[in-house]
file my_file_39.txt (compact mmCIF, C-alpha atoms and all ligand atoms)
# COMPACT_ATOMS: atom_id res chain seq x y z
CA MET A 1178 31.83 26.65 -13.52
CA THR A 1179 35.06 28.50 -14.25
CA THR A 1180 35.86 29.42 -17.84
CA ARG A 1181 39.45 30.02 -18.97
CA ALA A 1182 40.75 31.13 -22.32
CA ILE A 1183 43.11 28.37 -23.47
CA GLU A 1184 44.09 30.11 -26.66
CA PRO A 1185 42.99 33.36 -28.31
CA ARG A 1186 40.11 32.75 -30.62
CA MET A 1187 39.74 36.33 -31.65
CA GLU A 1188 41.63 38.21 -34.26
CA LEU A 1189 44.84 39.92 -33.16
CA GLU A 1190 43.30 43.31 -33.85
CA ALA A 1191 40.49 42.68 -31.37
CA ASN A 1192 42.99 41.58 -28.74
CA LEU A 1193 45.15 44.65 -29.27
CA HIS A 1194 42.05 46.82 -29.03
CA MET A 1195 41.28 45.24 -25.66
CA TYR A 1196 44.86 45.87 -24.55
CA ARG A 1197 44.52 49.51 -25.60
CA GLN A 1198 41.26 49.91 -23.72
CA MET A 1199 42.77 48.42 -20.57
CA ALA A 1200 45.83 50.64 -20.89
CA LYS A 1201 43.60 53.69 -21.33
CA ILE A 1202 41.66 52.90 -18.17
CA ARG A 1203 44.87 52.40 -16.20
CA ALA A 1204 46.45 55.61 -17.47
CA PHE A 1205 43.23 57.52 -16.86
CA ASP A 1206 43.01 56.45 -13.24
CA GLU A 1207 46.73 57.00 -12.65
CA GLN A 1208 46.14 60.56 -13.79
CA VAL A 1209 43.09 60.84 -11.54
CA ASN A 1210 45.30 59.90 -8.60
CA GLU A 1211 47.76 62.65 -9.60
CA LEU A 1212 44.93 65.19 -9.86
CA TYR A 1213 43.81 64.23 -6.37
CA LYS A 1214 47.30 64.39 -4.88
CA SER A 1215 47.95 67.79 -6.42
CA ALA A 1216 44.59 69.07 -5.10
CA LYS A 1217 43.29 69.83 -8.59
CA MET A 1218 40.27 67.52 -8.24
CA PRO A 1219 37.45 68.24 -5.77
CA GLY A 1220 36.42 65.28 -3.61
CA LEU A 1221 37.82 61.80 -3.98
CA ALA A 1222 37.65 58.89 -6.41
CA HIS A 1223 37.77 55.10 -6.37
CA LEU A 1224 40.43 53.82 -8.76
CA TYR A 1225 39.74 50.87 -11.06
CA ILE A 1226 43.42 49.99 -11.56
CA GLY A 1227 43.95 46.23 -11.43
CA GLU A 1228 40.40 45.43 -12.51
CA GLU A 1229 40.63 46.62 -16.13
CA ALA A 1230 40.06 43.19 -17.72
CA VAL A 1231 36.58 43.02 -16.24
CA ALA A 1232 35.18 46.23 -17.73
CA VAL A 1233 36.91 45.69 -21.07
CA GLY A 1234 36.08 41.99 -21.43
CA VAL A 1235 32.44 42.73 -20.60
CA CYS A 1236 31.93 45.86 -22.69
CA GLU A 1237 33.67 44.42 -25.76
CA ALA A 1238 31.02 41.70 -25.72
CA LEU A 1239 28.26 44.33 -25.89
CA ARG A 1240 26.80 46.42 -28.68
CA ARG A 1241 26.82 50.19 -28.40
CA ASP A 1242 23.06 50.22 -27.79
CA ASP A 1243 23.30 47.64 -25.01
CA LEU A 1244 23.03 49.17 -21.58
CA ILE A 1245 25.19 49.25 -18.47
CA THR A 1246 24.81 50.54 -14.96
CA SER A 1247 27.93 51.26 -12.97
CA THR A 1248 29.25 51.78 -9.46
CA HIS A 1249 31.27 54.17 -7.28
CA ARG A 1250 34.36 52.53 -8.89
CA GLY A 1251 33.05 53.28 -12.36
CA HIS A 1252 35.65 55.07 -14.51
CA GLY A 1253 36.66 51.79 -16.15
CA HIS A 1254 33.08 50.88 -17.00
CA CYS A 1255 32.40 54.27 -18.59
CA LEU A 1256 35.59 54.25 -20.67
CA ALA A 1257 35.16 50.62 -21.73
CA LYS A 1258 31.62 51.40 -22.95
CA GLY A 1259 32.97 54.22 -25.08
CA ALA A 1260 33.10 57.42 -23.02
CA ALA A 1261 35.54 60.10 -24.19
CA VAL A 1262 38.56 60.79 -21.99
CA ASN A 1263 38.29 64.60 -22.19
CA ARG A 1264 34.64 64.71 -21.07
CA MET A 1265 35.40 62.21 -18.29
CA PHE A 1266 38.22 64.35 -16.91
CA ALA A 1267 36.04 67.45 -17.26
CA GLU A 1268 33.33 65.81 -15.16
CA LEU A 1269 35.80 64.84 -12.45
CA LEU A 1270 37.05 68.41 -12.28
CA GLY A 1271 33.53 69.85 -12.10
CA LYS A 1272 33.82 71.51 -15.51
CA GLU A 1273 31.01 72.43 -17.91
CA PRO A 1274 31.89 70.03 -20.79
CA GLY A 1275 31.75 67.07 -18.41
CA TYR A 1276 29.23 64.29 -18.94
CA CYS A 1277 26.94 65.74 -16.26
CA ARG A 1278 27.99 69.33 -16.98
CA GLY A 1279 30.35 69.09 -14.03
CA LYS A 1280 27.58 68.48 -11.53
CA GLY A 1281 27.83 64.72 -11.10
CA GLY A 1282 31.48 64.03 -10.46
CA SER A 1283 33.38 60.76 -10.31
CA MET A 1284 30.54 58.61 -8.96
CA HIS A 1285 27.67 59.75 -11.17
CA ILE A 1286 28.95 59.68 -14.73
CA ALA A 1287 26.26 58.81 -17.26
CA ASP A 1288 26.43 58.77 -21.05
CA PRO A 1289 23.22 57.73 -22.79
CA GLU A 1290 24.90 57.85 -26.21
CA THR A 1291 27.11 54.90 -25.31
CA GLY A 1292 24.40 53.07 -23.37
CA ASN A 1293 25.78 54.04 -19.98
CA LEU A 1294 22.77 54.63 -17.73
CA GLY A 1295 25.02 55.93 -15.01
CA ALA A 1296 27.29 55.19 -12.13
CA ASN A 1297 25.72 54.99 -8.70
CA ALA A 1298 27.21 55.71 -5.29
CA ILE A 1299 24.58 53.58 -3.57
CA VAL A 1300 26.12 50.13 -3.20
CA GLY A 1301 23.85 47.74 -5.09
CA GLY A 1302 21.59 50.59 -6.20
CA SER A 1303 22.13 50.12 -9.89
CA ALA A 1304 20.79 46.54 -9.84
CA GLY A 1305 17.25 47.89 -9.84
CA ILE A 1306 18.00 50.31 -12.67
CA ALA A 1307 19.58 47.65 -14.89
CA THR A 1308 16.71 45.25 -14.26
CA GLY A 1309 14.20 47.97 -15.12
CA ALA A 1310 16.15 48.74 -18.28
CA ALA A 1311 16.03 45.06 -19.25
CA LEU A 1312 12.28 44.99 -18.64
CA SER A 1313 11.94 48.10 -20.80
CA ALA A 1314 13.97 46.50 -23.61
CA LYS A 1315 11.80 43.41 -23.48
CA MET A 1316 8.55 45.40 -23.48
CA ARG A 1317 9.76 47.57 -26.36
CA GLY A 1318 10.69 44.45 -28.29
CA THR A 1319 14.33 45.41 -28.81
CA ASP A 1320 17.03 42.79 -28.36
CA GLN A 1321 19.16 44.99 -26.10
CA VAL A 1322 20.88 43.47 -23.10
CA ALA A 1323 21.51 45.28 -19.80
CA VAL A 1324 24.56 44.65 -17.65
CA CYS A 1325 24.69 45.64 -14.01
CA PHE A 1326 28.20 46.03 -12.58
CA PHE A 1327 28.47 45.75 -8.80
CA GLY A 1328 31.06 44.79 -6.20
CA ASP A 1329 31.15 41.93 -3.73
CA GLY A 1330 29.88 44.44 -1.15
CA ALA A 1331 26.56 44.63 -3.00
CA LEU A 1332 25.96 40.94 -2.23
CA GLY A 1333 24.80 42.21 1.16
CA GLN A 1334 22.06 44.37 -0.34
CA GLY A 1335 18.51 42.98 -0.43
CA LEU A 1336 17.57 44.81 -3.62
CA LEU A 1337 19.87 42.57 -5.64
CA TYR A 1338 17.91 39.45 -4.65
CA GLU A 1339 14.55 41.13 -5.18
CA VAL A 1340 15.42 42.09 -8.76
CA MET A 1341 17.15 38.81 -9.62
CA ASN A 1342 13.94 37.07 -8.56
CA MET A 1343 11.83 39.20 -10.91
CA ALA A 1344 14.39 38.92 -13.71
CA ALA A 1345 14.27 35.12 -13.48
CA LEU A 1346 10.47 35.03 -13.42
CA TRP A 1347 10.19 37.39 -16.39
CA ARG A 1348 13.25 36.02 -18.23
CA LEU A 1349 14.74 39.48 -18.55
CA PRO A 1350 17.86 40.14 -20.68
CA VAL A 1351 20.03 41.29 -17.79
CA ILE A 1352 23.46 40.17 -16.61
CA TYR A 1353 24.48 40.70 -13.00
CA LEU A 1354 28.20 41.32 -13.11
CA CYS A 1355 29.83 40.86 -9.71
CA GLU A 1356 33.34 42.29 -9.43
CA ASN A 1357 34.69 40.29 -6.54
CA ASN A 1358 37.87 42.13 -5.56
CA LEU A 1359 38.01 40.47 -2.14
CA TYR A 1360 37.26 43.63 -0.14
CA GLY A 1361 34.35 45.93 0.58
CA GLU A 1362 35.96 49.14 1.79
CA TYR A 1363 38.37 47.90 4.51
CA THR A 1364 36.78 44.52 5.22
CA PRO A 1365 37.82 41.21 3.60
CA CYS A 1366 34.80 39.61 1.97
CA GLY A 1367 35.37 36.42 3.98
CA GLU A 1368 34.04 38.37 6.96
CA THR A 1369 30.87 39.50 5.22
CA ILE A 1370 29.83 36.84 2.70
CA ALA A 1371 28.49 33.52 3.98
CA GLY A 1372 28.33 30.39 1.86
CA ASP A 1373 28.77 29.97 -1.86
CA ILE A 1374 28.26 33.15 -3.88
CA LEU A 1375 26.97 31.35 -6.99
CA ALA A 1376 24.44 29.40 -4.92
CA ARG A 1377 22.58 32.64 -4.29
CA PRO A 1378 21.55 33.46 -7.90
CA ARG A 1379 21.11 29.76 -8.62
CA ALA A 1380 18.58 29.51 -5.81
CA LEU A 1381 16.50 32.03 -7.75
CA GLY A 1382 16.88 30.17 -11.03
CA VAL A 1383 19.47 32.60 -12.41
CA HIS A 1384 22.22 30.96 -14.45
CA ALA A 1385 25.54 31.64 -12.67
CA GLU A 1386 29.23 31.28 -13.51
CA SER A 1387 32.59 32.45 -12.25
CA VAL A 1388 35.59 33.57 -14.29
CA ASP A 1389 39.18 34.76 -13.84
CA GLY A 1390 38.63 38.52 -13.92
CA GLN A 1391 42.32 39.21 -14.67
CA ASP A 1392 42.10 37.40 -18.00
CA VAL A 1393 40.39 39.69 -20.48
CA GLN A 1394 40.04 36.95 -23.09
CA ALA A 1395 38.30 34.67 -20.60
CA VAL A 1396 35.97 37.43 -19.41
CA HIS A 1397 35.17 38.36 -23.00
CA ALA A 1398 34.52 34.78 -24.15
CA THR A 1399 32.28 34.08 -21.17
CA MET A 1400 30.36 37.32 -21.58
CA ARG A 1401 29.78 36.73 -25.28
CA ARG A 1402 28.09 33.48 -24.39
CA LEU A 1403 25.96 35.01 -21.65
CA VAL A 1404 25.01 38.02 -23.79
CA GLU A 1405 23.91 35.82 -26.70
CA ARG A 1406 21.93 33.69 -24.30
CA ALA A 1407 20.16 36.77 -22.91
CA ARG A 1408 19.54 38.15 -26.42
CA ARG A 1409 17.93 34.88 -27.44
CA GLY A 1410 15.43 35.33 -24.60
CA GLU A 1411 16.92 32.67 -22.34
CA GLY A 1412 16.89 34.94 -19.32
CA PRO A 1413 19.25 36.55 -16.84
CA ALA A 1414 22.71 35.43 -15.80
CA PHE A 1415 25.11 36.17 -12.97
CA LEU A 1416 28.85 36.34 -13.60
CA GLU A 1417 31.37 36.56 -10.79
CA CYS A 1418 34.71 38.01 -11.95
CA LYS A 1419 37.51 37.33 -9.49
CA THR A 1420 39.68 40.42 -9.46
CA TYR A 1421 41.76 42.78 -7.30
CA ARG A 1422 42.12 46.52 -6.89
CA TYR A 1423 45.74 47.60 -6.74
CA TYR A 1424 45.14 50.85 -4.85
CA GLY A 1425 43.17 51.61 -1.71
CA HIS A 1426 39.40 51.74 -1.46
CA HIS A 1427 39.62 55.38 -2.55
CA VAL A 1428 42.50 57.70 -3.38
CA GLY A 1429 42.91 58.73 0.26
CA ASP A 1430 43.24 55.14 1.52
CA VAL A 1431 47.01 54.88 1.27
CA ASN A 1432 47.98 52.72 4.26
CA ARG A 1433 45.78 49.70 3.50
CA GLU A 1434 46.36 48.10 6.89
CA TYR A 1435 43.59 45.57 6.27
CA ARG A 1436 45.69 43.62 3.75
CA THR A 1437 49.34 42.70 3.24
CA ARG A 1438 51.89 44.08 0.80
CA GLU A 1439 52.72 40.45 -0.09
CA GLU A 1440 49.17 39.83 -1.23
CA GLU A 1441 49.29 42.97 -3.37
CA ARG A 1442 52.62 42.01 -4.92
CA GLU A 1443 51.32 38.53 -5.71
CA TRP A 1444 48.33 39.89 -7.66
CA MET A 1445 50.36 42.58 -9.43
CA SER A 1446 53.21 40.30 -10.45
CA LYS A 1447 51.26 37.17 -11.33
CA HIS A 1448 47.78 38.31 -12.29
CA ASP A 1449 48.16 41.68 -13.95
CA PRO A 1450 45.53 41.96 -16.71
CA LEU A 1451 47.69 43.94 -19.17
CA GLU A 1452 50.74 41.81 -18.60
CA THR A 1453 48.72 38.60 -18.89
CA LEU A 1454 47.37 39.54 -22.31
CA ALA A 1455 50.66 40.99 -23.59
CA SER A 1456 52.72 37.99 -22.57
CA ARG A 1457 50.21 35.56 -24.04
CA LEU A 1458 50.19 37.32 -27.41
CA THR A 1459 53.97 37.59 -27.34
CA THR A 1460 54.48 33.92 -26.46
CA GLN A 1461 52.15 32.98 -29.28
CA GLY A 1462 54.28 35.03 -31.67
CA LEU A 1463 51.36 37.31 -32.54
CA ALA A 1464 52.90 40.56 -31.27
CA ASP A 1465 56.18 41.86 -29.91
CA ALA A 1466 57.10 44.33 -27.18
CA GLY A 1467 57.21 47.22 -29.66
CA VAL A 1468 53.51 46.82 -30.42
CA PHE A 1469 52.56 47.29 -26.77
CA GLU A 1470 55.00 50.18 -26.31
CA ARG A 1471 53.41 52.02 -29.22
CA ILE A 1472 49.96 51.50 -27.76
CA LEU A 1473 51.10 52.83 -24.39
CA THR A 1474 52.64 55.89 -26.06
CA ASP A 1475 49.40 56.61 -27.95
CA VAL A 1476 47.36 56.17 -24.80
CA LYS A 1477 49.60 58.53 -22.85
CA ALA A 1478 49.11 61.21 -25.50
CA GLU A 1479 45.33 60.77 -25.35
CA ILE A 1480 45.32 61.01 -21.55
CA ASP A 1481 47.62 64.04 -21.52
CA GLY A 1482 45.40 65.76 -24.08
CA GLY A 1483 42.26 64.92 -22.09
CA VAL A 1484 43.54 66.30 -18.83
CA GLN A 1485 44.80 69.50 -20.48
CA PHE A 1486 41.36 69.94 -22.07
CA ALA A 1487 39.65 69.53 -18.71
CA LEU A 1488 42.02 71.82 -16.81
CA ALA A 1489 41.45 74.58 -19.37
CA ALA A 1490 37.66 74.07 -19.57
CA PRO A 1491 35.27 76.51 -17.86
CA TYR A 1492 33.19 75.79 -14.78
CA PRO A 1493 29.40 75.87 -15.20
CA GLU A 1494 27.86 79.32 -14.89
CA PRO A 1495 26.83 80.04 -11.27
CA ASN A 1496 23.33 81.00 -12.40
CA GLU A 1497 22.89 77.45 -13.78
CA VAL A 1498 23.43 75.84 -10.40
CA ASP A 1499 19.84 74.55 -10.29
CA GLN A 1500 19.82 73.23 -13.86
CA ASP A 1501 20.35 69.56 -14.83
CA VAL A 1502 20.08 68.47 -11.21
CA TYR A 1503 17.45 66.26 -9.62
CA ALA A 1504 16.77 66.20 -5.91
C1 LIG B 1601 23.96 51.47 0.48
C2 LIG B 1601 25.37 51.88 0.81
N1 LIG B 1601 25.93 51.45 1.95
C3 LIG B 1601 27.20 51.80 2.25
C4 LIG B 1601 27.93 52.63 1.42
C5 LIG B 1601 29.36 53.01 1.75
N2 LIG B 1601 30.26 52.29 0.84
C6 LIG B 1601 30.80 52.88 -0.24
S1 LIG B 1601 31.74 51.83 -1.14
C7 LIG B 1601 31.47 50.57 -0.07
C8 LIG B 1601 32.10 49.23 -0.26
C9 LIG B 1601 31.73 48.64 -1.56
O1 LIG B 1601 32.41 47.44 -1.71
P1 LIG B 1601 32.21 46.63 -3.04
O2 LIG B 1601 30.75 46.59 -3.39
O3 LIG B 1601 32.87 45.34 -2.84
O4 LIG B 1601 32.93 47.50 -4.16
P2 LIG B 1601 34.47 47.86 -4.28
O5 LIG B 1601 34.67 49.16 -3.57
O6 LIG B 1601 35.25 46.76 -3.68
O7 LIG B 1601 34.71 48.00 -5.74
C10 LIG B 1601 30.63 50.98 0.97
C11 LIG B 1601 30.19 50.10 2.07
C12 LIG B 1601 27.28 53.06 0.24
N3 LIG B 1601 27.90 53.85 -0.65
N4 LIG B 1601 26.02 52.66 -0.07
MG MG B 1602 34.79 44.78 -3.35
call {"tool": "encode", "arguments": {"input": "my_file_39.txt", "output": "structure tokens", "more": "lines below"}}
Ligand SMILES: Cc1ncc(C[n+]2csc(CCOP(=O)(O)OP(=O)(O)O)c2C)c(N)n1
Ligand SMILES: [Mg+2]
result
Amino acid sequence: MTTRAIEPRMELEANLHMYRQMAKIRAFDEQVNELYKSAKMPGLAHLYIGEEAVAVGVCEALRRDDLITSTHRGHGHCLAKGAAVNRMFAELLGKEPGYCRGKGGSMHIADPETGNLGANAIVGGSAGIATGAALSAKMRGTDQVAVCFFGDGALGQGLLYEVMNMAALWRLPVIYLCENNLYGEYTPCGETIAGDILARPRALGVHAESVDGQDVQAVHATMRRLVERARRGEGPAFLECKTYRYYGHHVGDVNREYRTREEEREWMSKHDPLETLASRLTTQGLADAGVFERILTDVKAEIDGGVQFALAAPYPEPNEVDQDVYA
């Protein structure tokens, strides 16, 4: 089933908040790309630009004490769940005030205070963690819900099917959130995924739906339904969000020979998540261009402040190299 938002049912304020969150994620990752290109950031990063409506639509349907697990492309998930820009930048630059005291980097950001159990560089790896967190919530008698973000590439990982099976049997409050951006690294998903994606969770008795991942209102409305269902004890769900990453697999993947510039232009010009929301609110007479410009100006100031904070922050002390690490 595909759900679409026909008209905004939420208050304008909530919609503008979602726009702001999406703009923040985009500006954050644009800055990350600049840090990489100017050799100020160690290592690389996987940009979330283009996919902002997924993280924001999902996380705005969650409570602060609900839990998420994230992926290698996780900056958007962290920010949408409430992470602070300055500590995010500090982590990416290996600085002491970072979320993992500078020792985790782009792919391992965790923030227990906002319910973020952590990003994970192992494709599909966080499915087990989210399912365990949902089991824990159920055993502790809380009504928390866990959401596991993963890409289409994780559909090839056996762990996902093992944990969906257990989650269905035990009716766990977990939502498997598949970000289908059409590619796993440099391979189109048509070359790696056989059959109907939704048939896979359904075969295990997991409720499954698909949604336009570029439409934040649609993602949000669908997630609210699935989250309430899980909170009521009705068991796990699987949501496929159809989306697209605008940049390469990681910041160094600039040629993108595995896809066409036409395809990219099509997604950017017709399915941009920020533009989709802004033009809908404008057409409905609920906001004008000035509103969005002000939000973008505010966001830019926040991002500029965050990156300055991180550049000026100290590195961890060398004698603490073996602290806060697990191996
Ligand atoms: C278990 C495992 N196998 C392979 C890799 C290498 N790898 C990193 S990202 C990636 C592709 C992931 O594609 P997808 O899940 O669709 O996420 P996307 O990058 O499109 O967001 C691969 C194969 C890995 N990190 N972990
Ligand atoms: Mg993918």
call {"tool": "closest_residue", "arguments": {"input": "my_file_39.txt", "among": "A:Val1428, A:Val1262, A:Leu1473, A:Val1396", "to": "Val1235 in chain A", "atoms": "only C-alpha atoms"}}
result
A:Val1396
call {"tool": "closest_atom_pairs", "arguments": {"input": "my_file_39.txt", "of": "range 1311-1375 of chain A", "to": "range 1226-1230 of chain A", "cutoff": "10 Å", "atoms": "all atoms listed in the file", "output": "JSON lines"}}
result
{"residue": "A:Glu1356", "atom": "CA", "partner": "A:Glu1228", "partner_atom": "CA", "distance": 8.3}
{"residue": "A:Asn1357", "atom": "CA", "partner": "A:Glu1228", "partner_atom": "CA", "distance": 9.7}
{"residue": "A:Asn1358", "atom": "CA", "partner": "A:Glu1228", "partner_atom": "CA", "distance": 8.1}
call {"tool": "residues_near_ligand", "arguments": {"input": "my_file_39.txt", "ligand": "ligand MG 1602 (chain B)", "cutoff": "9 Å", "atoms": "all atoms listed in the file", "output": "list in words"}}
result
Phe1327, Gly1328, Asp1329, Gly1330, Ala1331, Cys1355, Glu1356, Asn1357, Asn1358, Leu1359, Tyr1360, Gly1361, Glu1362, Thr1364, Pro1365, Cys1366, Thr1420, Tyr1421, Arg1422 and His1426 of chain A
call {"tool": "atom_distance", "arguments": {"input": "my_file_39.txt", "atom1": "CA of Leu1270 in chain A", "atom2": "atom C2 of ligand LIG 1601 (chain B)"}}
result
24.1 Å
call {"tool": "atom_distance", "arguments": {"input": "my_file_39.txt", "atom1": "CA of Glu1497 in chain A", "atom2": "CA of Asn1297 in chain A"}}
result
23.2 Å
call {"tool": "closest_residue", "arguments": {"input": "my_file_39.txt", "among": "A:Lys1272, A:Lys1258, A:Arg1250, A:Lys1201", "to": "ligand LIG 1601 (chain B)", "atoms": "all atoms listed in the file"}}
result
A:Arg1250
call {"tool": "residues_around", "arguments": {"input": "my_file_39.txt", "residues": "Lys1214 in chain A", "least_positions_apart": "4", "cutoff": "9 Å", "atoms": "only C-alpha atoms", "output": "VMD selection string"}}
result
chain A and resid 1209 to 1210 1218 1428 to 1429
call {"tool": "closest_residue", "arguments": {"input": "my_file_39.txt", "among": "A:Gly1390, A:Gly1425, A:Gly1292, A:Pro1219", "to": "ligand LIG 1601 (chain B)", "atoms": "all atoms listed in the file"}}
result
A:Gly1425
call {"tool": "atom_distance", "arguments": {"input": "my_file_39.txt", "atom1": "CA of Arg1409 in chain A", "atom2": "CA of Gly1318 in chain A"}}
result
12.0 Å
call {"tool": "closest_residue", "arguments": {"input": "my_file_39.txt", "among": "A:Met1284, A:Leu1458, A:Ala1398, A:Ile1306", "to": "ligand LIG 1601 (chain B)", "atoms": "only C-alpha atoms and all ligand atoms"}}
result
A:Met1284
call {"tool": "closest_residue", "arguments": {"input": "my_file_39.txt", "among": "A:Val1231, A:Ala1464, A:Ala1191, A:Ala1307", "to": "Ile1352 in chain A", "atoms": "all atoms listed in the file"}}
result
A:Ala1307
call {"tool": "residues_around", "arguments": {"input": "my_file_39.txt", "residues": "Ala1311 in chain A", "least_positions_apart": "6", "cutoff": "9 Å", "atoms": "all atoms listed in the file", "output": "VMD selection string"}}
result
chain A and resid 1244 1321 to 1324 1344 1349 to 1351
call {"tool": "closest_residue", "arguments": {"input": "my_file_39.txt", "among": "A:Gly1309, A:Gly1220, A:Gly1295, A:Gly1335", "to": "ligand LIG 1601 (chain B)", "atoms": "all atoms listed in the file"}}
result
A:Gly1335
call {"tool": "residues_around", "arguments": {"input": "my_file_39.txt", "residues": "Met1195 in chain A", "least_positions_apart": "4", "cutoff": "8 Å", "atoms": "only C-alpha atoms", "output": "list in words"}}
result
Ala1191, Met1199, Val1233, Gly1234, Glu1237 and Val1393 of chain A
call {"tool": "axis_aligned_box", "arguments": {"input": "my_file_39.txt", "around": "range 1366-1374 of chain A", "padding_each_side": "5 Å", "output": "JSON"}}
result
{"center_x": 31.8, "center_y": 34.8, "center_z": 1.5, "size_x": 17.1, "size_y": 19.6, "size_z": 20.8}
